[in-house]
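Content type TSV, C-alpha atoms, from the file entry-v5.tsv:
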chain	number	residue	atom	x	y	z
X	1	MET	CA	30.97	-1.37	-3.84
X	2	GLU	CA	27.68	-1.44	-1.95
X	3	ILE	CA	24.29	-0.10	-2.87
X	4	ARG	CA	21.04	0.08	-0.91
X	5	ILE	CA	17.98	-1.68	-2.28
X	6	ARG	CA	14.50	-0.93	-0.98
X	7	TYR	CA	11.54	-3.21	-1.61
X	8	PHE	CA	7.92	-2.18	-1.92
X	9	ALA	CA	4.61	-3.96	-2.52
X	10	SER	CA	5.06	-7.35	-4.21
X	11	PHE	CA	8.88	-7.05	-4.03
X	12	ARG	CA	8.68	-6.63	-0.26
X	13	GLU	CA	6.38	-9.62	0.04
X	14	VAL	CA	8.53	-11.90	-2.13
X	15	THR	CA	11.84	-10.98	-0.47
X	16	GLY	CA	10.36	-10.73	3.01
X	17	LYS	CA	12.24	-7.50	3.70
X	18	SER	CA	11.94	-3.75	3.18
X	19	GLU	CA	15.55	-3.11	2.28
X	20	GLU	CA	19.04	-4.56	2.16
X	21	ARG	CA	22.58	-3.73	1.12
X	22	LEU	CA	23.86	-5.40	-2.04
X	23	LYS	CA	27.51	-5.78	-3.06
X	24	VAL	CA	27.94	-5.16	-6.78
X	25	PRO	CA	31.09	-4.86	-8.93
X	26	GLU	CA	32.51	-1.35	-9.28
X	27	GLY	CA	30.63	0.47	-12.06
X	28	ALA	CA	27.90	-2.17	-12.29
X	29	SER	CA	24.69	-1.25	-14.12
X	30	VAL	CA	21.13	-1.48	-12.85
X	31	ALA	CA	20.68	-4.49	-15.15
X	32	GLU	CA	23.63	-6.26	-13.49
X	33	ALA	CA	22.22	-5.58	-10.02
X	34	ARG	CA	18.89	-6.91	-11.23
X	35	ALA	CA	20.55	-10.13	-12.44
X	36	LEU	CA	22.24	-10.55	-9.05
X	37	LEU	CA	18.93	-10.13	-7.28
X	38	LEU	CA	17.19	-12.62	-9.54
X	39	GLY	CA	19.88	-15.12	-8.63
X	40	ARG	CA	19.10	-14.55	-4.99
X	41	TYR	CA	15.31	-14.39	-5.37
X	42	PRO	CA	14.23	-16.40	-8.43
X	43	ARG	CA	10.59	-15.78	-7.51
X	44	LEU	CA	11.04	-12.12	-8.49
X	45	GLN	CA	11.40	-13.09	-12.16
X	46	GLY	CA	7.77	-12.45	-13.17
X	47	ILE	CA	7.26	-9.16	-11.37
X	48	MET	CA	10.75	-7.92	-12.33
X	49	GLU	CA	9.84	-8.18	-16.01
X	50	ARG	CA	6.89	-5.83	-15.46
X	51	SER	CA	8.77	-3.30	-13.34
X	52	LEU	CA	10.59	-0.03	-13.91
X	53	CYS	CA	13.71	0.97	-12.00
X	54	ALA	CA	14.59	4.05	-10.02
X	55	VAL	CA	17.95	5.19	-8.70
X	56	ASN	CA	18.01	7.86	-6.02
X	57	ARG	CA	14.28	8.51	-6.55
X	58	SER	CA	14.38	9.04	-10.33
X	59	TYR	CA	13.31	6.63	-13.05
X	60	VAL	CA	16.34	5.32	-14.98
X	61	ALA	CA	17.11	2.96	-17.87
X	62	PRO	CA	18.54	-0.50	-17.03
X	63	GLU	CA	21.95	0.38	-18.52
X	64	THR	CA	22.42	3.19	-15.97
X	65	ARG	CA	25.69	2.86	-13.99
X	66	LEU	CA	25.44	2.58	-10.22
X	67	HIS	CA	27.61	4.34	-7.66
X	68	GLU	CA	28.56	3.56	-4.07
X	69	GLY	CA	25.63	4.18	-1.75
X	70	ASP	CA	22.99	4.56	-4.49
X	71	GLU	CA	19.41	3.75	-3.57
X	72	LEU	CA	17.96	1.29	-6.10
X	73	VAL	CA	14.24	0.50	-6.20
X	74	PHE	CA	12.31	-1.65	-8.63
X	75	ILE	CA	8.91	-0.13	-9.26
X	76	PRO	CA	6.19	-2.69	-9.97
X	77	PRO	CA	3.18	-1.51	-12.00
X	78	MET	CA	0.91	0.92	-10.17
X	79	GLY	CA	-2.82	0.30	-10.06
X	80	GLY	CA	-4.93	2.84	-11.86
X	81	GLY	CA	-2.98	2.81	-15.09
X	82	GLN	CA	-5.75	0.96	-16.87
X	83	GLN	CA	-8.39	3.41	-15.75
X	84	SER	CA	-6.19	6.25	-16.84
X	85	ARG	CA	-5.60	4.80	-20.30
X	86	LYS	CA	-9.33	4.25	-20.66
X	87	ASP	CA	-9.92	7.85	-19.68
X	88	ASP	CA	-7.29	9.06	-22.13
X	89	ARG	CA	-9.21	7.45	-24.96
X	90	LEU	CA	-12.36	9.24	-23.89
X	91	TRP	CA	-10.45	12.44	-23.48
X	92	ASN	CA	-8.97	12.27	-26.98
X	93	ARG	CA	-12.20	11.45	-28.76
M	1	MET	CA	2.76	29.65	-3.84
M	2	GLU	CA	4.40	26.32	-3.07
M	3	PRO	CA	2.02	23.43	-3.69
M	4	VAL	CA	0.68	21.54	-0.69
M	5	ILE	CA	1.83	17.91	-0.99
M	6	ARG	CA	0.93	15.41	1.71
M	7	LEU	CA	1.47	11.68	2.01
M	8	THR	CA	-0.06	10.42	5.19
M	9	ARG	CA	-1.55	7.45	7.03
M	10	GLU	CA	-4.19	9.71	8.55
M	11	PRO	CA	-7.66	10.37	7.04
M	12	LEU	CA	-7.57	13.14	4.44
M	13	ASP	CA	-9.17	16.48	5.35
M	14	ARG	CA	-10.81	17.88	2.24
M	15	ALA	CA	-11.88	21.18	3.79
M	16	ALA	CA	-8.41	21.91	5.15
M	17	LEU	CA	-6.82	21.21	1.75
M	18	ILE	CA	-9.25	23.55	-0.01
M	19	GLU	CA	-8.64	26.26	2.54
M	20	ALA	CA	-4.86	25.85	2.27
M	21	VAL	CA	-4.72	26.72	-1.43
M	22	THR	CA	-7.69	28.98	-2.18
M	23	ARG	CA	-7.00	32.69	-2.59
M	24	SER	CA	-9.39	35.59	-3.09
M	25	SER	CA	-8.09	35.96	-6.67
M	26	ASP	CA	-9.43	32.49	-7.55
M	27	GLY	CA	-12.87	32.17	-9.13
M	28	GLY	CA	-12.87	28.41	-9.63
M	29	ILE	CA	-11.96	25.50	-7.35
M	30	VAL	CA	-11.88	21.97	-8.75
M	31	VAL	CA	-11.62	19.10	-6.28
M	32	PHE	CA	-11.00	15.50	-7.28
M	33	GLU	CA	-11.50	12.93	-4.56
M	34	GLY	CA	-10.77	9.25	-5.11
M	35	VAL	CA	-12.59	6.95	-2.70
M	36	VAL	CA	-12.42	3.23	-1.98
M	37	ARG	CA	-15.08	1.28	-3.92
M	38	ASP	CA	-16.70	-1.88	-2.58
M	39	ASN	CA	-16.14	-3.78	-5.83
M	40	ALA	CA	-13.48	-4.29	-8.49
M	41	ARG	CA	-13.56	-6.52	-11.57
M	42	GLY	CA	-16.42	-8.55	-10.17
M	43	LYS	CA	-14.85	-8.96	-6.75
M	44	GLN	CA	-16.35	-7.83	-3.49
M	45	ILE	CA	-13.71	-5.69	-1.78
M	46	ARG	CA	-13.26	-5.75	2.01
M	47	TYR	CA	-10.62	-3.01	2.23
M	48	LEU	CA	-7.54	-1.66	0.42
M	49	GLU	CA	-3.91	-1.41	1.49
M	50	TYR	CA	-1.88	1.38	-0.06
M	51	GLU	CA	1.90	1.35	0.09
M	52	ALA	CA	4.06	4.30	-0.94
M	53	TYR	CA	7.71	4.94	-1.71
M	54	VAL	CA	7.16	8.20	0.10
M	55	GLU	CA	10.31	10.16	-0.76
M	56	MET	CA	10.07	9.42	-4.48
M	57	ALA	CA	6.28	9.84	-4.55
M	58	GLU	CA	6.61	13.35	-3.12
M	59	GLU	CA	9.21	14.28	-5.73
M	60	GLN	CA	7.12	12.83	-8.55
M	61	ILE	CA	4.00	14.67	-7.40
M	62	ARG	CA	5.98	17.90	-7.21
M	63	ALA	CA	7.16	17.37	-10.81
M	64	ILE	CA	3.58	16.74	-11.98
M	65	VAL	CA	2.33	19.88	-10.25
M	66	ASP	CA	5.20	21.89	-11.78
M	67	GLU	CA	4.21	20.62	-15.21
M	68	ALA	CA	0.55	21.53	-14.61
M	69	LYS	CA	1.70	24.99	-13.58
M	70	ARG	CA	3.77	25.29	-16.76
M	71	ARG	CA	0.90	24.17	-19.00
M	72	TRP	CA	-2.08	25.94	-17.43
M	73	GLY	CA	-0.53	28.57	-15.17
M	74	VAL	CA	-2.25	27.17	-12.08
M	75	GLU	CA	-0.58	28.48	-8.93
M	76	HIS	CA	-2.72	27.06	-6.15
M	77	VAL	CA	-2.60	23.29	-5.94
M	78	ALA	CA	-2.90	20.71	-3.17
M	79	VAL	CA	-2.31	16.97	-3.60
M	80	ALA	CA	-2.83	14.57	-0.72
M	81	HIS	CA	-2.55	10.78	-0.85
M	82	ARG	CA	-3.20	8.41	1.96
M	83	PHE	CA	-1.47	5.09	2.54
M	84	GLY	CA	-1.96	2.15	4.89
M	85	ARG	CA	-5.30	0.41	5.32
M	86	LEU	CA	-8.36	2.19	3.89
M	87	GLU	CA	-11.95	1.14	4.39
M	88	ILE	CA	-14.77	1.30	1.84
M	89	GLY	CA	-15.83	4.91	1.23
M	90	GLU	CA	-12.65	6.49	2.61
M	91	ALA	CA	-10.71	8.94	0.45
M	92	SER	CA	-7.37	7.68	-0.89
M	93	VAL	CA	-6.46	10.81	-2.85
M	94	ILE	CA	-7.61	14.43	-2.96
M	95	ILE	CA	-6.49	17.01	-5.49
M	96	VAL	CA	-7.47	20.65	-5.24
M	97	VAL	CA	-6.77	23.16	-8.00
M	98	ALA	CA	-7.85	26.75	-7.43
M	99	ALA	CA	-7.50	29.15	-10.35
M	100	PRO	CA	-8.91	32.45	-11.58
M	101	HIS	CA	-11.14	30.62	-14.11
M	102	ARG	CA	-12.65	27.13	-14.24
M	103	ALA	CA	-11.22	25.86	-17.55
M	104	GLU	CA	-7.60	25.71	-16.42
M	105	ALA	CA	-8.63	24.38	-13.01
M	106	PHE	CA	-10.53	21.45	-14.59
M	107	GLU	CA	-7.79	20.62	-17.08
M	108	ALA	CA	-4.96	20.85	-14.57
M	109	CYS	CA	-6.83	18.70	-12.03
M	110	ARG	CA	-7.56	16.05	-14.68
M	111	TYR	CA	-3.93	16.05	-15.78
M	112	ILE	CA	-2.62	15.74	-12.22
M	113	ILE	CA	-4.77	12.74	-11.24
M	114	ASP	CA	-4.22	10.88	-14.54
M	115	THR	CA	-0.46	11.37	-14.42
M	116	LEU	CA	-0.23	10.61	-10.72
M	117	LYS	CA	-1.89	7.24	-11.27
M	118	THR	CA	0.70	6.16	-13.83
M	119	THR	CA	4.00	7.63	-12.56
M	120	VAL	CA	3.85	8.08	-8.77
M	121	PRO	CA	5.12	5.02	-6.86
M	122	ILE	CA	2.08	4.24	-4.72
M	123	TRP	CA	0.67	0.72	-4.87
M	124	LYS	CA	-2.76	-0.62	-4.07
M	125	LYS	CA	-3.57	-4.05	-2.74
M	126	GLU	CA	-7.17	-5.20	-2.97
M	127	VAL	CA	-8.26	-7.38	-0.11
M	128	ALA	CA	-11.40	-9.13	-1.31
M	129	ILE	CA	-13.60	-11.85	0.11
M	130	SER	CA	-11.96	-14.22	-2.37
M	131	GLY	CA	-8.32	-13.30	-1.63
M	132	GLU	CA	-5.86	-10.44	-2.06
M	133	GLU	CA	-3.68	-9.07	-4.83
M	134	TRP	CA	-1.59	-6.05	-5.81
M	135	VAL	CA	-3.41	-4.15	-8.55
M	136	GLU	CA	-1.23	-3.72	-11.61
M	137	GLY	CA	-3.44	-1.41	-13.64
Translate this structure into structure tokens?
Amino acid sequence: MEIRIRYFASFREVTGKSEERLKVPEGASVAEARALLLGRYPRLQGIMERSLCAVNRSYVAPETRLHEGDELVFIPPMGGGQQSRKDDRLWNR
Amino acid sequence: MEPVIRLTREPLDRAALIEAVTRSSDGGIVVFEGVVRDNARGKQIRYLEYEAYVEMAEEQIRAIVDEAKRRWGVEHVAVAHRFGRLEIGEASVIIVVAAPHRAEAFEACRYIIDTLKTTVPIWKKEVAISGEEWVEG
């Protein structure tokens, strides 16, 4: 089956594209799709380890099963998290 | 009312956002505006590039606003985020919460910006004199 992968930020820069179709085995998980992509783009290794995944615009766990036509996006860390955590500490004092 | 949620490449219009959500029943309006700083971690910033996964970002913002409504009962909320290239001093994000009383407006606004920064898929690249990098928080 085929899924759609969209790339943003550092993923877009490493792959050199905004999106592509990826053939994966029937019933493949997000983790399996990730492994396929790492085979194709070894330079994604570092950023992939720090990223979350989303299927059809919702955050999902890596063991989530994919379906034909799903939109898979790896979400690298967003800036501002550090500031927010700092603020949380102040807030909770 | 439905929240006002805008992701746009155009400059953000603070006055229009305030006007869009304020009602005569509201006694307090809290506005948070995030602007581009000229420095970060010792670097001199030239400009920022924001990139958004727009469809998911809109859904995530809507979920955050719904949660703020559930927690504090705030009904009148606007969230606008800009993407593309932003110069020093330009607004990247504006949040407006209008409520009958100030306490819930302050708390809801604080919650929305803090949560937005950690869960909404919008990325920031710092372009500094010394080079450029995606900020990972």
Please tell me which residues are no farther than 12 Å from (22.8, -5.5, -11.3) in the file, counting all atoms listed in the file, and write them as a compact mmCIF listing (two decimals) with C-alpha atoms, keeping the file's coordinate frame.
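Everything below was put into out-v1.txt:
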# COMPACT_ATOMS: atom_id res chain seq x y z
CA MET X 1 30.97 -1.37 -3.84
CA GLU X 2 27.68 -1.44 -1.95
CA ILE X 3 24.29 -0.10 -2.87
CA ARG X 4 21.04 0.08 -0.91
CA ILE X 5 17.98 -1.68 -2.28
CA LEU X 22 23.86 -5.40 -2.04
CA LYS X 23 27.51 -5.78 -3.06
CA VAL X 24 27.94 -5.16 -6.78
CA PRO X 25 31.09 -4.86 -8.93
CA GLU X 26 32.51 -1.35 -9.28
CA GLY X 27 30.63 0.47 -12.06
CA ALA X 28 27.90 -2.17 -12.29
CA SER X 29 24.69 -1.25 -14.12
CA VAL X 30 21.13 -1.48 -12.85
CA ALA X 31 20.68 -4.49 -15.15
CA GLU X 32 23.63 -6.26 -13.49
CA ALA X 33 22.22 -5.58 -10.02
CA ARG X 34 18.89 -6.91 -11.23
CA ALA X 35 20.55 -10.13 -12.44
CA LEU X 36 22.24 -10.55 -9.05
CA LEU X 37 18.93 -10.13 -7.28
CA LEU X 38 17.19 -12.62 -9.54
CA GLY X 39 19.88 -15.12 -8.63
CA ARG X 40 19.10 -14.55 -4.99
CA CYS X 53 13.71 0.97 -12.00
CA PRO X 62 18.54 -0.50 -17.03
CA GLU X 63 21.95 0.38 -18.52
CA THR X 64 22.42 3.19 -15.97
CA ARG X 65 25.69 2.86 -13.99
CA LEU X 66 25.44 2.58 -10.22
CA HIS X 67 27.61 4.34 -7.66
CA LEU X 72 17.96 1.29 -6.10
CA VAL X 73 14.24 0.50 -6.20
CA PHE X 74 12.31 -1.65 -8.63
Just the number, please: distance in Å from atom CA of X:Pro42 to atom CA of M:Glu132, one decimal.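 Between atom CA of X:Pro42 and atom CA of M:Glu132 the gap works out to 21.9 Å.
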Please measure the separation of atom CA of M:Val93 and atom CA of X:Leu44, giving the value in Å to one decimal.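 About the pair atom CA of M:Val93 and atom CA of X:Leu44: they are 29.4 Å apart.
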Counting all atoms listed in the file, what is within 10 Å of M:Gly73, bar same-chain residues fewer than 5 positions away, as a PDB file with C-alpha atoms, in the frame of the given file?
ATOM      1  CA  ASP M  66       5.200  21.890 -11.780  1.00  0.00           C
ATOM      2  CA  GLU M  67       4.210  20.620 -15.210  1.00  0.00           C
ATOM      3  CA  ALA M  68       0.550  21.530 -14.610  1.00  0.00           C
ATOM      4  CA  ALA M  99      -7.500  29.150 -10.350  1.00  0.00           C
ATOM      5  CA  PRO M 100      -8.910  32.450 -11.580  1.00  0.00           C
ATOM      6  CA  GLU M 104      -7.600  25.710 -16.420  1.00  0.00           C
ATOM      7  CA  ALA M 105      -8.630  24.380 -13.010  1.00  0.00           C
ATOM      8  CA  ALA M 108      -4.960  20.850 -14.570  1.00  0.00           C
TER       9      ALA M 108
END
What's the 9 Å shell around M:Ile29, counting only C-alpha atoms, without same-chain residues fewer than 4 positions away, as a PDB file with C-alpha atoms, in the coordinates of the input?
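As written to disk, out24.pdb reads:
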ATOM      1  CA  ILE M  18      -9.250  23.550  -0.010  1.00  0.00           C
ATOM      2  CA  THR M  22      -7.690  28.980  -2.180  1.00  0.00           C
ATOM      3  CA  VAL M  96      -7.470  20.650  -5.240  1.00  0.00           C
ATOM      4  CA  VAL M  97      -6.770  23.160  -8.000  1.00  0.00           C
ATOM      5  CA  ALA M  98      -7.850  26.750  -7.430  1.00  0.00           C
ATOM      6  CA  ALA M  99      -7.500  29.150 -10.350  1.00  0.00           C
ATOM      7  CA  PRO M 100      -8.910  32.450 -11.580  1.00  0.00           C
ATOM      8  CA  HIS M 101     -11.140  30.620 -14.110  1.00  0.00           C
ATOM      9  CA  ARG M 102     -12.650  27.130 -14.240  1.00  0.00           C
ATOM     10  CA  ALA M 105      -8.630  24.380 -13.010  1.00  0.00           C
ATOM     11  CA  PHE M 106     -10.530  21.450 -14.590  1.00  0.00           C
TER      12      PHE M 106
END
Who sits within 7 Å of stretch 2-6 of chain M, all atoms listed in the file, same chain under 5 positions skipped, as a PDB file with C-alpha atoms, keeping the file's coordinate frame:
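After the write, around_32.pdb holds the following:
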ATOM      1  CA  GLU M  58       6.610  13.350  -3.120  1.00  0.00           C
ATOM      2  CA  HIS M  76      -2.720  27.060  -6.150  1.00  0.00           C
ATOM      3  CA  VAL M  77      -2.600  23.290  -5.940  1.00  0.00           C
ATOM      4  CA  ALA M  78      -2.900  20.710  -3.170  1.00  0.00           C
ATOM      5  CA  VAL M  79      -2.310  16.970  -3.600  1.00  0.00           C
ATOM      6  CA  ALA M  80      -2.830  14.570  -0.720  1.00  0.00           C
ATOM      7  CA  HIS M  81      -2.550  10.780  -0.850  1.00  0.00           C
TER       8      HIS M  81
END
Taking (1.9, 4.6, -1.4) in the coordinates of the supplied file, I want to know which residues reach to within 8 Å of it, counting all atoms listed in the file; could you give the answer as a list of chain:residue names?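 The answer, in the requested form, is M:Leu7, M:Tyr50, M:Glu51, M:Ala52, M:Tyr53, M:Val54, M:Ala57, M:His81, M:Arg82, M:Phe83, M:Gly84, M:Pro121, M:Ile122, M:Trp123, M:Lys124.
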Taking C-alpha atoms for each residue, export the selection above as a PDB file, in the frame of the given file.
ATOM      1  CA  LEU M   7       1.470  11.680   2.010  1.00  0.00           C
ATOM      2  CA  TYR M  50      -1.880   1.380  -0.060  1.00  0.00           C
ATOM      3  CA  GLU M  51       1.900   1.350   0.090  1.00  0.00           C
ATOM      4  CA  ALA M  52       4.060   4.300  -0.940  1.00  0.00           C
ATOM      5  CA  TYR M  53       7.710   4.940  -1.710  1.00  0.00           C
ATOM      6  CA  VAL M  54       7.160   8.200   0.100  1.00  0.00           C
ATOM      7  CA  ALA M  57       6.280   9.840  -4.550  1.00  0.00           C
ATOM      8  CA  HIS M  81      -2.550  10.780  -0.850  1.00  0.00           C
ATOM      9  CA  ARG M  82      -3.200   8.410   1.960  1.00  0.00           C
ATOM     10  CA  PHE M  83      -1.470   5.090   2.540  1.00  0.00           C
ATOM     11  CA  GLY M  84      -1.960   2.150   4.890  1.00  0.00           C
ATOM     12  CA  PRO M 121       5.120   5.020  -6.860  1.00  0.00           C
ATOM     13  CA  ILE M 122       2.080   4.240  -4.720  1.00  0.00           C
ATOM     14  CA  TRP M 123       0.670   0.720  -4.870  1.00  0.00           C
ATOM     15  CA  LYS M 124      -2.760  -0.620  -4.070  1.00  0.00           C
TER      16      LYS M 124
END
Looking at M:Val120, M:Ile95, M:Ala40, M:Ile112, which one is nearest to M:Met56, with distances taken over all atoms listed in the file?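 Looking only at the distances to M:Met56, the closest residue turns out to be M:Val120.
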For chain X, work out the contacting residues on chain M at 6 Å, counting all atoms listed in the file, and write them as a PDB file with C-alpha atoms, keeping the file's coordinate frame.
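Saved to iface29.pdb:
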ATOM      1  CA  MET M  56      10.070   9.420  -4.480  1.00  0.00           C
ATOM      2  CA  ASP M 114      -4.220  10.880 -14.540  1.00  0.00           C
ATOM      3  CA  LYS M 117      -1.890   7.240 -11.270  1.00  0.00           C
ATOM      4  CA  THR M 118       0.700   6.160 -13.830  1.00  0.00           C
ATOM      5  CA  TRP M 123       0.670   0.720  -4.870  1.00  0.00           C
ATOM      6  CA  VAL M 135      -3.410  -4.150  -8.550  1.00  0.00           C
ATOM      7  CA  GLU M 136      -1.230  -3.720 -11.610  1.00  0.00           C
ATOM      8  CA  GLY M 137      -3.440  -1.410 -13.640  1.00  0.00           C
TER       9      GLY M 137
END
Could you work out how far atom CA of M:Trp72 lies from atom CA of M:Asp26, giving the answer in Å with one decimal?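 These two atoms are separated by 13.9 Å.
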Within 8 Å of stretch 42-48 of chain M, counting all atoms listed in the file, which residues show up once you throw out same-chain ones fewer than 5 positions away? Write them as a PyMOL selection string, please. chain M and resi 36-37+85-88+124-130
Reconstruct N, CA and C atoms of stretch 36-58 of chain X from the incomplete input and present them as a tab-separated table (two decimals), keeping the file's coordinate frame.
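This is the output file rebuild.tsv:
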chain	number	residue	atom	x	y	z
X	36	LEU	N	21.80	-10.03	-10.35
X	36	LEU	CA	22.24	-10.55	-9.05
X	36	LEU	C	21.06	-10.87	-8.14
X	37	LEU	N	20.10	-9.94	-8.14
X	37	LEU	CA	18.93	-10.13	-7.28
X	37	LEU	C	18.09	-11.32	-7.72
X	38	LEU	N	17.98	-11.49	-9.04
X	38	LEU	CA	17.19	-12.62	-9.54
X	38	LEU	C	17.85	-13.94	-9.18
X	39	GLY	N	19.19	-13.93	-9.09
X	39	GLY	CA	19.88	-15.12	-8.63
X	39	GLY	C	19.53	-15.45	-7.19
X	40	ARG	N	19.40	-14.38	-6.40
X	40	ARG	CA	19.10	-14.55	-4.99
X	40	ARG	C	17.62	-14.86	-4.75
X	41	TYR	N	16.77	-14.22	-5.53
X	41	TYR	CA	15.31	-14.39	-5.37
X	41	TYR	C	14.68	-14.75	-6.71
X	42	PRO	N	14.78	-16.02	-7.11
X	42	PRO	CA	14.23	-16.40	-8.43
X	42	PRO	C	12.73	-16.09	-8.56
X	43	ARG	N	12.04	-16.04	-7.43
X	43	ARG	CA	10.59	-15.78	-7.51
X	43	ARG	C	10.27	-14.35	-7.94
X	44	LEU	N	11.28	-13.49	-8.02
X	44	LEU	CA	11.04	-12.12	-8.49
X	44	LEU	C	10.94	-12.04	-10.01
X	45	GLN	N	11.31	-13.12	-10.70
X	45	GLN	CA	11.40	-13.09	-12.16
X	45	GLN	C	10.17	-12.44	-12.83
X	46	GLY	N	8.99	-12.94	-12.51
X	46	GLY	CA	7.77	-12.45	-13.17
X	46	GLY	C	7.55	-10.96	-12.94
X	47	ILE	N	7.57	-10.55	-11.69
X	47	ILE	CA	7.26	-9.16	-11.37
X	47	ILE	C	8.38	-8.23	-11.87
X	48	MET	N	9.63	-8.74	-11.86
X	48	MET	CA	10.75	-7.92	-12.33
X	48	MET	C	10.56	-7.52	-13.79
X	49	GLU	N	10.02	-8.46	-14.58
X	49	GLU	CA	9.84	-8.18	-16.01
X	49	GLU	C	8.81	-7.08	-16.25
X	50	ARG	N	7.93	-6.85	-15.28
X	50	ARG	CA	6.89	-5.83	-15.46
X	50	ARG	C	7.23	-4.53	-14.73
X	51	SER	N	8.45	-4.44	-14.19
X	51	SER	CA	8.77	-3.30	-13.34
X	51	SER	C	9.72	-2.31	-13.99
X	52	LEU	N	9.62	-1.06	-13.53
X	52	LEU	CA	10.59	-0.03	-13.91
X	52	LEU	C	11.64	0.04	-12.81
X	53	CYS	N	12.72	0.81	-13.06
X	53	CYS	CA	13.71	0.97	-12.00
X	53	CYS	C	13.96	2.43	-11.72
X	54	ALA	N	14.28	2.68	-10.46
X	54	ALA	CA	14.59	4.05	-10.02
X	54	ALA	C	15.89	4.02	-9.24
X	55	VAL	N	16.74	5.01	-9.49
X	55	VAL	CA	17.95	5.19	-8.70
X	55	VAL	C	17.89	6.57	-8.07
X	56	ASN	N	18.07	6.60	-6.77
X	56	ASN	CA	18.01	7.86	-6.02
X	56	ASN	C	16.75	8.65	-6.35
X	57	ARG	N	15.63	7.94	-6.41
X	57	ARG	CA	14.28	8.51	-6.55
X	57	ARG	C	13.97	9.07	-7.93
X	58	SER	N	14.73	8.67	-8.96
X	58	SER	CA	14.38	9.04	-10.33
X	58	SER	C	14.33	7.79	-11.19
